[in-house]
>>> print(open('entry-v1.txt').read())   # compact mmCIF, C-alpha atoms and all ligand atoms
# COMPACT_ATOMS: atom_id res chain seq x y z
CA MET A 1 -88.85 -39.98 -41.46
CA LEU A 2 -85.99 -42.21 -42.57
CA ASN A 3 -85.41 -41.76 -46.30
CA LEU A 4 -84.12 -44.76 -48.20
CA ALA A 5 -82.15 -45.11 -51.43
CA VAL A 6 -82.48 -48.72 -52.62
CA LEU A 7 -79.78 -50.04 -54.95
CA VAL A 8 -80.70 -52.97 -57.19
CA SER A 9 -79.45 -55.03 -60.12
CA GLY A 10 -82.19 -57.50 -60.93
CA GLY A 11 -85.70 -58.68 -60.18
CA GLY A 12 -86.18 -56.55 -57.12
CA THR A 13 -88.19 -58.90 -54.91
CA ASN A 14 -86.45 -57.51 -51.83
CA LEU A 15 -87.33 -54.00 -52.99
CA GLN A 16 -90.91 -55.25 -53.37
CA ALA A 17 -90.83 -56.61 -49.82
CA ILE A 18 -89.92 -53.12 -48.55
CA ILE A 19 -92.62 -51.47 -50.70
CA ASP A 20 -95.22 -54.00 -49.49
CA ALA A 21 -94.23 -53.64 -45.84
CA ILE A 22 -94.63 -49.85 -46.11
CA GLY A 23 -97.97 -50.30 -47.92
CA ALA A 24 -99.24 -52.68 -45.25
CA GLY A 25 -98.27 -50.32 -42.43
CA LYS A 26 -95.76 -52.84 -41.11
CA LEU A 27 -92.82 -50.59 -41.88
CA THR A 28 -93.43 -47.09 -40.60
CA GLY A 29 -91.56 -43.79 -40.53
CA VAL A 30 -89.73 -44.82 -43.69
CA LYS A 31 -89.89 -43.58 -47.29
CA ILE A 32 -88.12 -44.84 -50.43
CA VAL A 33 -86.88 -41.67 -52.12
CA LYS A 34 -84.82 -43.28 -54.88
CA VAL A 35 -84.20 -46.62 -56.57
CA ILE A 36 -80.97 -46.94 -58.54
CA SER A 37 -80.06 -49.85 -60.79
CA ASN A 38 -76.74 -50.46 -62.50
CA LYS A 39 -78.60 -52.44 -65.18
CA GLU A 40 -80.85 -50.81 -67.76
CA GLY A 41 -83.50 -53.54 -68.01
CA ALA A 42 -83.71 -54.46 -64.32
CA TYR A 43 -87.31 -55.33 -63.44
CA ALA A 44 -86.75 -53.66 -60.07
CA LEU A 45 -86.94 -50.29 -61.90
CA GLU A 46 -90.45 -51.20 -63.15
CA ARG A 47 -91.53 -52.20 -59.65
CA ALA A 48 -90.41 -48.81 -58.34
CA LYS A 49 -92.12 -46.82 -61.11
CA LYS A 50 -95.38 -48.74 -60.61
CA HIS A 51 -95.39 -47.39 -57.06
CA GLY A 52 -94.51 -43.84 -58.05
CA ILE A 53 -90.96 -44.08 -56.75
CA GLU A 54 -88.20 -42.23 -58.61
CA ALA A 55 -86.09 -44.84 -60.36
CA VAL A 56 -82.99 -44.43 -62.50
CA CYS A 57 -80.32 -46.52 -64.11
CA ILE A 58 -76.76 -45.40 -63.55
CA SER A 59 -74.53 -47.82 -65.41
CA PRO A 60 -70.81 -48.12 -64.66
CA LYS A 61 -70.41 -48.71 -68.40
CA SER A 62 -71.32 -45.09 -69.09
CA PHE A 63 -68.25 -43.85 -67.21
CA ALA A 64 -64.63 -43.89 -68.31
CA ALA A 65 -63.41 -44.62 -64.78
CA ARG A 66 -64.80 -46.38 -61.71
CA ASP A 67 -64.33 -43.36 -59.46
CA GLU A 68 -66.39 -41.21 -61.85
CA TYR A 69 -69.23 -43.74 -61.61
CA PHE A 70 -69.13 -43.72 -57.83
CA ARG A 71 -68.96 -39.91 -57.72
CA GLU A 72 -72.16 -39.79 -59.77
CA MET A 73 -73.78 -42.38 -57.47
CA GLU A 74 -72.73 -40.37 -54.42
CA ASP A 75 -74.11 -37.11 -55.84
CA THR A 76 -77.41 -38.72 -56.89
CA ILE A 77 -77.92 -40.30 -53.49
CA LYS A 78 -77.02 -37.10 -51.63
CA ASP A 79 -79.39 -35.08 -53.87
CA SER A 80 -82.21 -37.55 -53.12
CA GLY A 81 -82.00 -36.78 -49.40
CA ALA A 82 -81.54 -40.45 -48.49
CA ASP A 83 -80.43 -41.22 -44.93
CA LEU A 84 -79.89 -44.94 -45.46
CA ILE A 85 -78.70 -46.91 -48.50
CA VAL A 86 -80.18 -50.39 -48.87
CA LEU A 87 -78.34 -52.82 -51.13
CA ALA A 88 -81.14 -55.14 -52.27
CA GLY A 89 -79.47 -57.51 -54.71
CA PHE A 90 -76.97 -54.89 -55.91
CA LEU A 91 -74.16 -56.68 -57.68
CA VAL A 92 -71.60 -53.88 -58.04
CA VAL A 93 -68.69 -53.99 -55.59
CA LEU A 94 -68.63 -50.60 -53.84
CA SER A 95 -65.50 -48.45 -53.84
CA ASP A 96 -63.88 -47.72 -50.49
CA SER A 97 -64.46 -44.00 -50.91
CA PHE A 98 -68.19 -44.57 -51.53
CA VAL A 99 -68.44 -46.72 -48.40
CA ARG A 100 -66.58 -44.07 -46.38
CA ALA A 101 -68.85 -41.30 -47.72
CA PHE A 102 -71.86 -43.11 -46.19
CA GLU A 103 -70.17 -44.78 -43.24
CA GLY A 104 -72.62 -46.72 -41.05
CA ARG A 105 -75.47 -45.81 -43.39
CA ILE A 106 -75.33 -48.70 -45.89
CA ILE A 107 -76.96 -52.10 -45.28
CA ASN A 108 -76.96 -55.25 -47.42
CA ILE A 109 -79.03 -58.43 -47.58
CA HIS A 110 -77.01 -61.61 -48.12
CA PRO A 111 -78.63 -65.01 -48.76
CA SER A 112 -76.71 -67.10 -46.20
CA LEU A 113 -75.91 -67.08 -42.50
CA ILE A 114 -72.72 -65.00 -42.48
CA PRO A 115 -69.86 -65.97 -41.96
CA SER A 116 -70.82 -69.07 -43.99
CA PHE A 117 -70.98 -68.87 -47.76
CA CYS A 118 -70.05 -65.22 -48.08
CA GLY A 119 -67.20 -63.05 -49.33
CA ASP A 120 -65.75 -62.64 -52.80
CA GLY A 121 -67.60 -64.59 -55.47
CA PHE A 122 -70.51 -65.59 -53.22
CA TYR A 123 -73.53 -64.01 -54.84
CA GLY A 124 -76.79 -65.17 -56.42
CA LEU A 125 -77.23 -68.91 -57.01
CA LYS A 126 -73.57 -69.60 -56.22
CA VAL A 127 -74.28 -69.13 -52.49
CA HIS A 128 -76.97 -71.81 -52.53
CA GLU A 129 -74.94 -74.16 -54.75
CA GLU A 130 -72.10 -74.06 -52.24
CA ALA A 131 -74.43 -74.60 -49.26
CA LEU A 132 -75.92 -77.68 -50.96
CA LYS A 133 -72.47 -78.93 -52.00
CA ARG A 134 -71.24 -78.70 -48.39
CA GLY A 135 -74.32 -80.51 -47.17
CA VAL A 136 -75.28 -78.05 -44.46
CA LYS A 137 -78.73 -78.63 -43.02
CA VAL A 138 -79.48 -75.04 -42.11
CA THR A 139 -78.84 -71.89 -44.10
CA GLY A 140 -80.63 -68.54 -44.08
CA ALA A 141 -80.14 -64.85 -44.69
CA THR A 142 -78.30 -61.95 -43.06
CA VAL A 143 -78.78 -58.20 -43.03
CA HIS A 144 -75.56 -56.41 -42.19
CA PHE A 145 -73.93 -53.01 -42.30
CA VAL A 146 -71.52 -52.56 -45.18
CA ASP A 147 -67.89 -51.80 -44.52
CA GLU A 148 -64.89 -51.84 -46.87
CA GLY A 149 -64.73 -55.66 -46.89
CA THR A 150 -67.04 -58.11 -48.67
CA ASP A 151 -69.84 -59.21 -46.30
CA THR A 152 -67.69 -58.34 -43.27
CA GLY A 153 -69.68 -55.51 -41.67
CA PRO A 154 -71.62 -55.76 -38.37
CA ILE A 155 -74.54 -58.21 -38.52
CA ILE A 156 -77.96 -56.68 -37.80
CA LEU A 157 -80.42 -59.57 -38.23
CA GLN A 158 -80.28 -63.21 -39.32
CA LYS A 159 -82.93 -65.84 -39.94
CA ALA A 160 -82.40 -69.57 -40.40
CA VAL A 161 -83.97 -71.70 -43.14
CA TYR A 162 -83.91 -75.52 -43.22
CA ILE A 163 -82.52 -77.35 -46.21
CA GLU A 164 -84.47 -80.30 -47.61
CA ASN A 165 -83.03 -83.44 -49.23
CA ASP A 166 -84.25 -82.77 -52.75
CA ASP A 167 -83.41 -79.04 -52.84
CA THR A 168 -81.86 -77.55 -55.96
CA PRO A 169 -80.07 -74.18 -55.80
CA GLU A 170 -83.15 -72.58 -57.40
CA ILE A 171 -85.61 -74.13 -54.92
CA LEU A 172 -83.40 -73.19 -51.99
CA GLN A 173 -82.92 -69.63 -53.27
CA LYS A 174 -86.70 -69.18 -53.39
CA ARG A 175 -87.21 -70.62 -49.89
CA VAL A 176 -84.48 -68.41 -48.42
CA MET A 177 -86.11 -65.36 -49.99
CA GLU A 178 -89.63 -66.25 -48.81
CA GLN A 179 -88.74 -67.45 -45.34
CA ALA A 180 -85.89 -65.12 -44.50
CA GLU A 181 -84.87 -62.26 -46.80
CA TRP A 182 -88.27 -60.65 -47.33
CA ILE A 183 -88.89 -60.78 -43.57
CA ILE A 184 -85.62 -59.60 -42.07
CA LEU A 185 -84.87 -56.78 -44.53
CA PRO A 186 -87.98 -54.70 -43.61
CA LYS A 187 -87.46 -55.59 -39.93
CA ALA A 188 -83.85 -54.38 -39.98
CA ILE A 189 -84.90 -51.13 -41.67
CA GLN A 190 -87.63 -50.64 -39.05
CA ALA A 191 -85.15 -51.22 -36.25
CA ILE A 192 -82.79 -48.60 -37.73
CA ALA A 193 -85.68 -46.15 -38.29
CA ASP A 194 -86.74 -46.59 -34.66
CA GLY A 195 -83.21 -45.99 -33.39
CA ARG A 196 -83.06 -49.53 -31.97
CA VAL A 197 -79.70 -50.40 -33.56
CA ARG A 198 -76.43 -49.30 -32.02
CA LEU A 199 -72.83 -50.21 -32.66
CA GLU A 200 -70.76 -51.53 -29.76
CA ASN A 201 -67.18 -52.76 -30.19
CA GLY A 202 -67.70 -53.32 -33.91
CA ARG A 203 -70.92 -55.29 -33.40
CA ALA A 204 -74.50 -54.22 -34.00
CA VAL A 205 -76.80 -54.51 -31.00
CA VAL A 206 -80.50 -54.54 -31.86
CA GLU A 207 -83.24 -53.94 -29.30
CA MET A 208 -86.20 -56.03 -30.40
CA CYS A 209 -89.75 -54.79 -29.81
CA LYS A 210 -91.68 -56.49 -27.00
CA GLY A 211 -92.88 -59.88 -28.20
CA GLU A 212 -91.28 -59.43 -31.63
CA LYS A 213 -90.18 -62.65 -33.33
CA ILE A 214 -87.88 -62.97 -36.29
C1 LIG B 301 -81.20 -61.90 -53.18
O1 LIG B 301 -81.00 -63.26 -53.00
C2 LIG B 301 -80.28 -61.14 -52.25
O2 LIG B 301 -80.04 -61.77 -51.05
C3 LIG B 301 -79.02 -61.11 -53.07
O3 LIG B 301 -79.46 -60.95 -54.40
C4 LIG B 301 -80.78 -61.44 -54.56
C5 LIG B 301 -81.62 -60.32 -55.09
O4 LIG B 301 -82.91 -60.67 -55.41
N1 LIG B 301 -78.10 -60.15 -52.57
P1 LIG B 301 -83.99 -59.56 -55.77
O5 LIG B 301 -83.45 -58.71 -56.90
O6 LIG B 301 -84.28 -58.76 -54.54
O7 LIG B 301 -85.21 -60.34 -56.22
>>> encode(input="entry-v1.txt", output="structure tokens", more="lines below")
Ligand code: GRF
Amino acid sequence: MLNLAVLVSGGGTNLQAIIDAIGAGKLTGVKIVKVISNKEGAYALERAKKHGIEAVCISPKSFAARDEYFREMEDTIKDSGADLIVLAGFLVVLSDSFVRAFEGRIINIHPSLIPSFCGDGFYGLKVHEEALKRGVKVTGATVHFVDEGTDTGPIILQKAVYIENDDTPEILQKRVMEQAEWIILPKAIQAIADGRVRLENGRAVVEMCKGEKI
């Protein structure tokens, strides 16, 4: 069993996609053992509780220093028995020591095709605003391992989404979630749980299941 700690900041639709995939038997050998939000009122916490998953808020504001916050996060995650940390719309920039403590065991979902529209400042609607501003015709989502940089870790899965002429950032955000994020996040977790992801020369190599389509 691969135990997951899912870190969230907002609505938690990606968390819901994981919960639903487990419920539907599409994601197997995986259990969510903890959901942690940095924001008190995050709806993601409600989603977790509704499904009987332990959910807590650990706010950086409650700590005098950043390293104290991350020490608490580290202890809570270690106590939960999680093997893999899933950043599902988690808007806190991780400290280097936190990333090192869980090296190769943190993944993130980003709403663009990395290396486009990623890095510092590219989060939430901003990503889609910039894609529309640049006039790209294809965008998408990426699941990647987290390293000390911002959106620089090895890419696990990507899925493309077409842009339409009358898209707004909000419309595009919703399409990217529906057509890409909610699909590739559970698939990436399944691949890791199955031992089908290995690192080679700084890149992630994923063995797909026979006939599997992204
Ligand atoms: C998603 O677009 C995700 O890619 C980004 O933040 C958003 C979170 O949405 N990192 P939700 O909280 O999962 O609904």
>>> closest_residue(input="entry-v1.txt", among="A:Gly135, A:Gly81, A:Pro169, A:Gly12", to="ligand LIG 301 (chain B)", atoms="all atoms listed in the file")
A:Gly12
>>> closest_residue(input="entry-v1.txt", among="A:Val33, A:Met1, A:Leu91, A:Ala55", to="ligand LIG 301 (chain B)", atoms="all atoms listed in the file")
A:Leu91
>>> residues_near_point(input="entry-v1.txt", point="(-81.7, -66.7, -39.6)", cutoff="12 Å", atoms="only C-alpha atoms", output="ChimeraX atom specification")
/A:109-114,116,138-143,155-162,176-177,179-185,213-214
>>> closest_atom_pairs(input="entry-v1.txt", of="chain A", to="ligand LIG 301 (chain B)", cutoff="7 Å", atoms="all atoms listed in the file", output="JSON lines")
{"residue": "A:Val8", "atom": "CA", "partner": "B:LIG301", "partner_atom": "O5", "distance": 6.4}
{"residue": "A:Ser9", "atom": "CA", "partner": "B:LIG301", "partner_atom": "O5", "distance": 6.3}
{"residue": "A:Gly10", "atom": "CA", "partner": "B:LIG301", "partner_atom": "O5", "distance": 4.4}
{"residue": "A:Gly11", "atom": "CA", "partner": "B:LIG301", "partner_atom": "O5", "distance": 4.0}
{"residue": "A:Gly12", "atom": "CA", "partner": "B:LIG301", "partner_atom": "O5", "distance": 3.5}
{"residue": "A:Thr13", "atom": "CA", "partner": "B:LIG301", "partner_atom": "O7", "distance": 3.6}
{"residue": "A:Asn14", "atom": "CA", "partner": "B:LIG301", "partner_atom": "O6", "distance": 3.7}
{"residue": "A:Leu15", "atom": "CA", "partner": "B:LIG301", "partner_atom": "O6", "distance": 5.9}
{"residue": "A:Ala44", "atom": "CA", "partner": "B:LIG301", "partner_atom": "O5", "distance": 6.8}
{"residue": "A:Ala88", "atom": "CA", "partner": "B:LIG301", "partner_atom": "O6", "distance": 5.3}
{"residue": "A:Gly89", "atom": "CA", "partner": "B:LIG301", "partner_atom": "O3", "distance": 3.5}
{"residue": "A:Phe90", "atom": "CA", "partner": "B:LIG301", "partner_atom": "N1", "distance": 6.3}
{"residue": "A:Ile109", "atom": "CA", "partner": "B:LIG301", "partner_atom": "O2", "distance": 4.9}
{"residue": "A:His110", "atom": "CA", "partner": "B:LIG301", "partner_atom": "O2", "distance": 4.2}
{"residue": "A:Pro111", "atom": "CA", "partner": "B:LIG301", "partner_atom": "O2", "distance": 4.2}
{"residue": "A:Tyr123", "atom": "CA", "partner": "B:LIG301", "partner_atom": "N1", "distance": 6.4}
{"residue": "A:Gly124", "atom": "CA", "partner": "B:LIG301", "partner_atom": "O3", "distance": 5.4}
{"residue": "A:Gln173", "atom": "CA", "partner": "B:LIG301", "partner_atom": "O1", "distance": 6.7}
{"residue": "A:Met177", "atom": "CA", "partner": "B:LIG301", "partner_atom": "O1", "distance": 6.3}
{"residue": "A:Glu181", "atom": "CA", "partner": "B:LIG301", "partner_atom": "O2", "distance": 6.5}
>>> closest_residue(input="entry-v1.txt", among="A:Asp20, A:Glu200, A:Asp166, A:Glu148", to="A:Asp96", atoms="only C-alpha atoms")
A:Glu148
>>> atom_distance(input="entry-v1.txt", atom1="atom CA of A:Arg47", atom2="atom CA of A:His128")
25.4 Å
>>> atom_distance(input="entry-v1.txt", atom1="atom CA of A:Lys50", atom2="atom CA of A:Asp83")
22.9 Å
>>> closest_residue(input="entry-v1.txt", among="A:Gly211, A:Leu87, A:Leu45, A:Asn108", to="A:Gly153", atoms="all atoms listed in the file")
A:Asn108
>>> closest_residue(input="entry-v1.txt", among="A:Ala21, A:Val205, A:Ala101, A:Ala193", to="A:Val146", atoms="all atoms listed in the file")
A:Ala101
>>> axis_aligned_box(input="entry-v1.txt", around="stretch 21-26 of chain A", padding_each_side="6 Å", output="lines of an AutoDock Vina configuration file")
center_x = -96.7
center_y = -51.7
center_z = -44.5
size_x = 17.0
size_y = 15.8
size_z = 18.8
>>> atom_distance(input="entry-v1.txt", atom1="atom CA of A:Ile107", atom2="atom CA of A:Lys137")
26.7 Å
>>> closest_residue(input="entry-v1.txt", among="A:Cys118, A:Ile58, A:Ile53, A:Met73", to="A:Val99", atoms="all atoms listed in the file")
A:Met73
>>> residues_around(input="entry-v1.txt", residues="A:Ile106", least_positions_apart="2", cutoff="6 Å", atoms="all atoms listed in the file", output="list of chain:residue names")
A:Leu84, A:Ile85, A:Val86, A:Gly104, A:Phe145, A:Val146
>>> decode(input="entry-v1.txt", residues="stretch 168-179 of chain A", atoms="all heavy atoms", output="short mmCIF file (atom, residue, chain, number, x, y, z; two decimals), in the first residue's frame")
data_model
loop_
_atom_site.label_atom_id
_atom_site.label_comp_id
_atom_site.auth_asym_id
_atom_site.auth_seq_id
_atom_site.Cartn_x
_atom_site.Cartn_y
_atom_site.Cartn_z
N THR A 168 -11.61 32.44 -21.83
CA THR A 168 -11.16 33.38 -20.80
C THR A 168 -10.25 32.55 -19.89
O THR A 168 -10.28 31.30 -19.96
CB THR A 168 -12.34 33.90 -19.97
OG1 THR A 168 -12.94 32.75 -19.31
CG2 THR A 168 -13.39 34.60 -20.84
N PRO A 169 -9.46 33.20 -19.03
CA PRO A 169 -8.62 32.40 -18.11
C PRO A 169 -9.45 31.42 -17.29
O PRO A 169 -9.04 30.28 -17.07
CB PRO A 169 -7.97 33.47 -17.23
CG PRO A 169 -7.94 34.70 -18.08
CD PRO A 169 -9.20 34.65 -18.92
N GLU A 170 -10.64 31.85 -16.88
CA GLU A 170 -11.50 30.98 -16.04
C GLU A 170 -11.99 29.76 -16.82
O GLU A 170 -11.99 28.64 -16.30
CB GLU A 170 -12.71 31.76 -15.51
CG GLU A 170 -12.38 32.81 -14.47
CD GLU A 170 -11.84 34.13 -15.06
OE1 GLU A 170 -11.83 34.28 -16.32
OE2 GLU A 170 -11.40 34.99 -14.28
N ILE A 171 -12.42 30.01 -18.08
CA ILE A 171 -12.91 28.88 -18.90
C ILE A 171 -11.76 27.90 -19.17
O ILE A 171 -11.92 26.68 -19.08
CB ILE A 171 -13.51 29.41 -20.24
CG1 ILE A 171 -14.81 30.16 -19.96
CG2 ILE A 171 -13.73 28.28 -21.24
CD1 ILE A 171 -15.38 30.90 -21.17
N LEU A 172 -10.60 28.46 -19.49
CA LEU A 172 -9.45 27.61 -19.80
C LEU A 172 -9.00 26.82 -18.56
O LEU A 172 -8.69 25.63 -18.65
CB LEU A 172 -8.30 28.48 -20.34
CG LEU A 172 -7.06 27.72 -20.79
CD1 LEU A 172 -7.39 26.69 -21.86
CD2 LEU A 172 -6.00 28.70 -21.30
N GLN A 173 -9.00 27.48 -17.42
CA GLN A 173 -8.62 26.80 -16.17
C GLN A 173 -9.50 25.56 -15.94
O GLN A 173 -9.00 24.49 -15.61
CB GLN A 173 -8.78 27.76 -14.99
CG GLN A 173 -8.40 27.15 -13.65
CD GLN A 173 -8.58 28.12 -12.49
OE1 GLN A 173 -9.63 28.75 -12.35
NE2 GLN A 173 -7.55 28.28 -11.70
N LYS A 174 -10.81 25.75 -16.17
CA LYS A 174 -11.75 24.65 -15.94
C LYS A 174 -11.50 23.51 -16.95
O LYS A 174 -11.49 22.33 -16.57
CB LYS A 174 -13.18 25.18 -16.09
CG LYS A 174 -14.25 24.20 -15.70
CD LYS A 174 -15.56 24.93 -15.42
CE LYS A 174 -16.67 23.95 -15.09
NZ LYS A 174 -17.29 23.36 -16.28
N ARG A 175 -11.25 23.88 -18.23
CA ARG A 175 -11.02 22.83 -19.23
C ARG A 175 -9.73 22.07 -18.94
O ARG A 175 -9.67 20.85 -19.08
CB ARG A 175 -11.00 23.42 -20.65
CG ARG A 175 -10.98 22.31 -21.69
CD ARG A 175 -11.02 22.77 -23.15
NE ARG A 175 -11.93 23.85 -23.39
CZ ARG A 175 -11.55 25.10 -23.75
NH1 ARG A 175 -10.29 25.38 -23.93
NH2 ARG A 175 -12.43 26.04 -23.92
N VAL A 176 -8.70 22.80 -18.52
CA VAL A 176 -7.41 22.13 -18.20
C VAL A 176 -7.59 21.16 -17.03
O VAL A 176 -7.04 20.05 -17.03
CB VAL A 176 -6.30 23.17 -17.93
CG1 VAL A 176 -5.06 22.51 -17.34
CG2 VAL A 176 -5.94 23.92 -19.22
N MET A 177 -8.39 21.58 -16.06
CA MET A 177 -8.65 20.67 -14.92
C MET A 177 -9.37 19.42 -15.39
O MET A 177 -8.94 18.30 -15.13
CB MET A 177 -9.49 21.38 -13.86
CG MET A 177 -8.72 22.35 -13.03
SD MET A 177 -9.86 23.12 -11.87
CE MET A 177 -8.69 23.71 -10.66
N GLU A 178 -10.50 19.65 -16.13
CA GLU A 178 -11.35 18.51 -16.54
C GLU A 178 -10.66 17.58 -17.50
O GLU A 178 -10.78 16.36 -17.40
CB GLU A 178 -12.63 19.05 -17.19
CG GLU A 178 -13.59 19.66 -16.21
CD GLU A 178 -14.76 20.38 -16.88
OE1 GLU A 178 -14.77 20.50 -18.13
OE2 GLU A 178 -15.64 20.84 -16.16
N GLN A 179 -9.94 18.17 -18.46
CA GLN A 179 -9.38 17.33 -19.54
C GLN A 179 -7.96 16.84 -19.26
O GLN A 179 -7.47 15.97 -19.95
CB GLN A 179 -9.39 18.11 -20.87
CG GLN A 179 -10.79 18.40 -21.36
CD GLN A 179 -10.80 19.06 -22.73
OE1 GLN A 179 -9.76 19.24 -23.37
NE2 GLN A 179 -11.97 19.45 -23.19
#
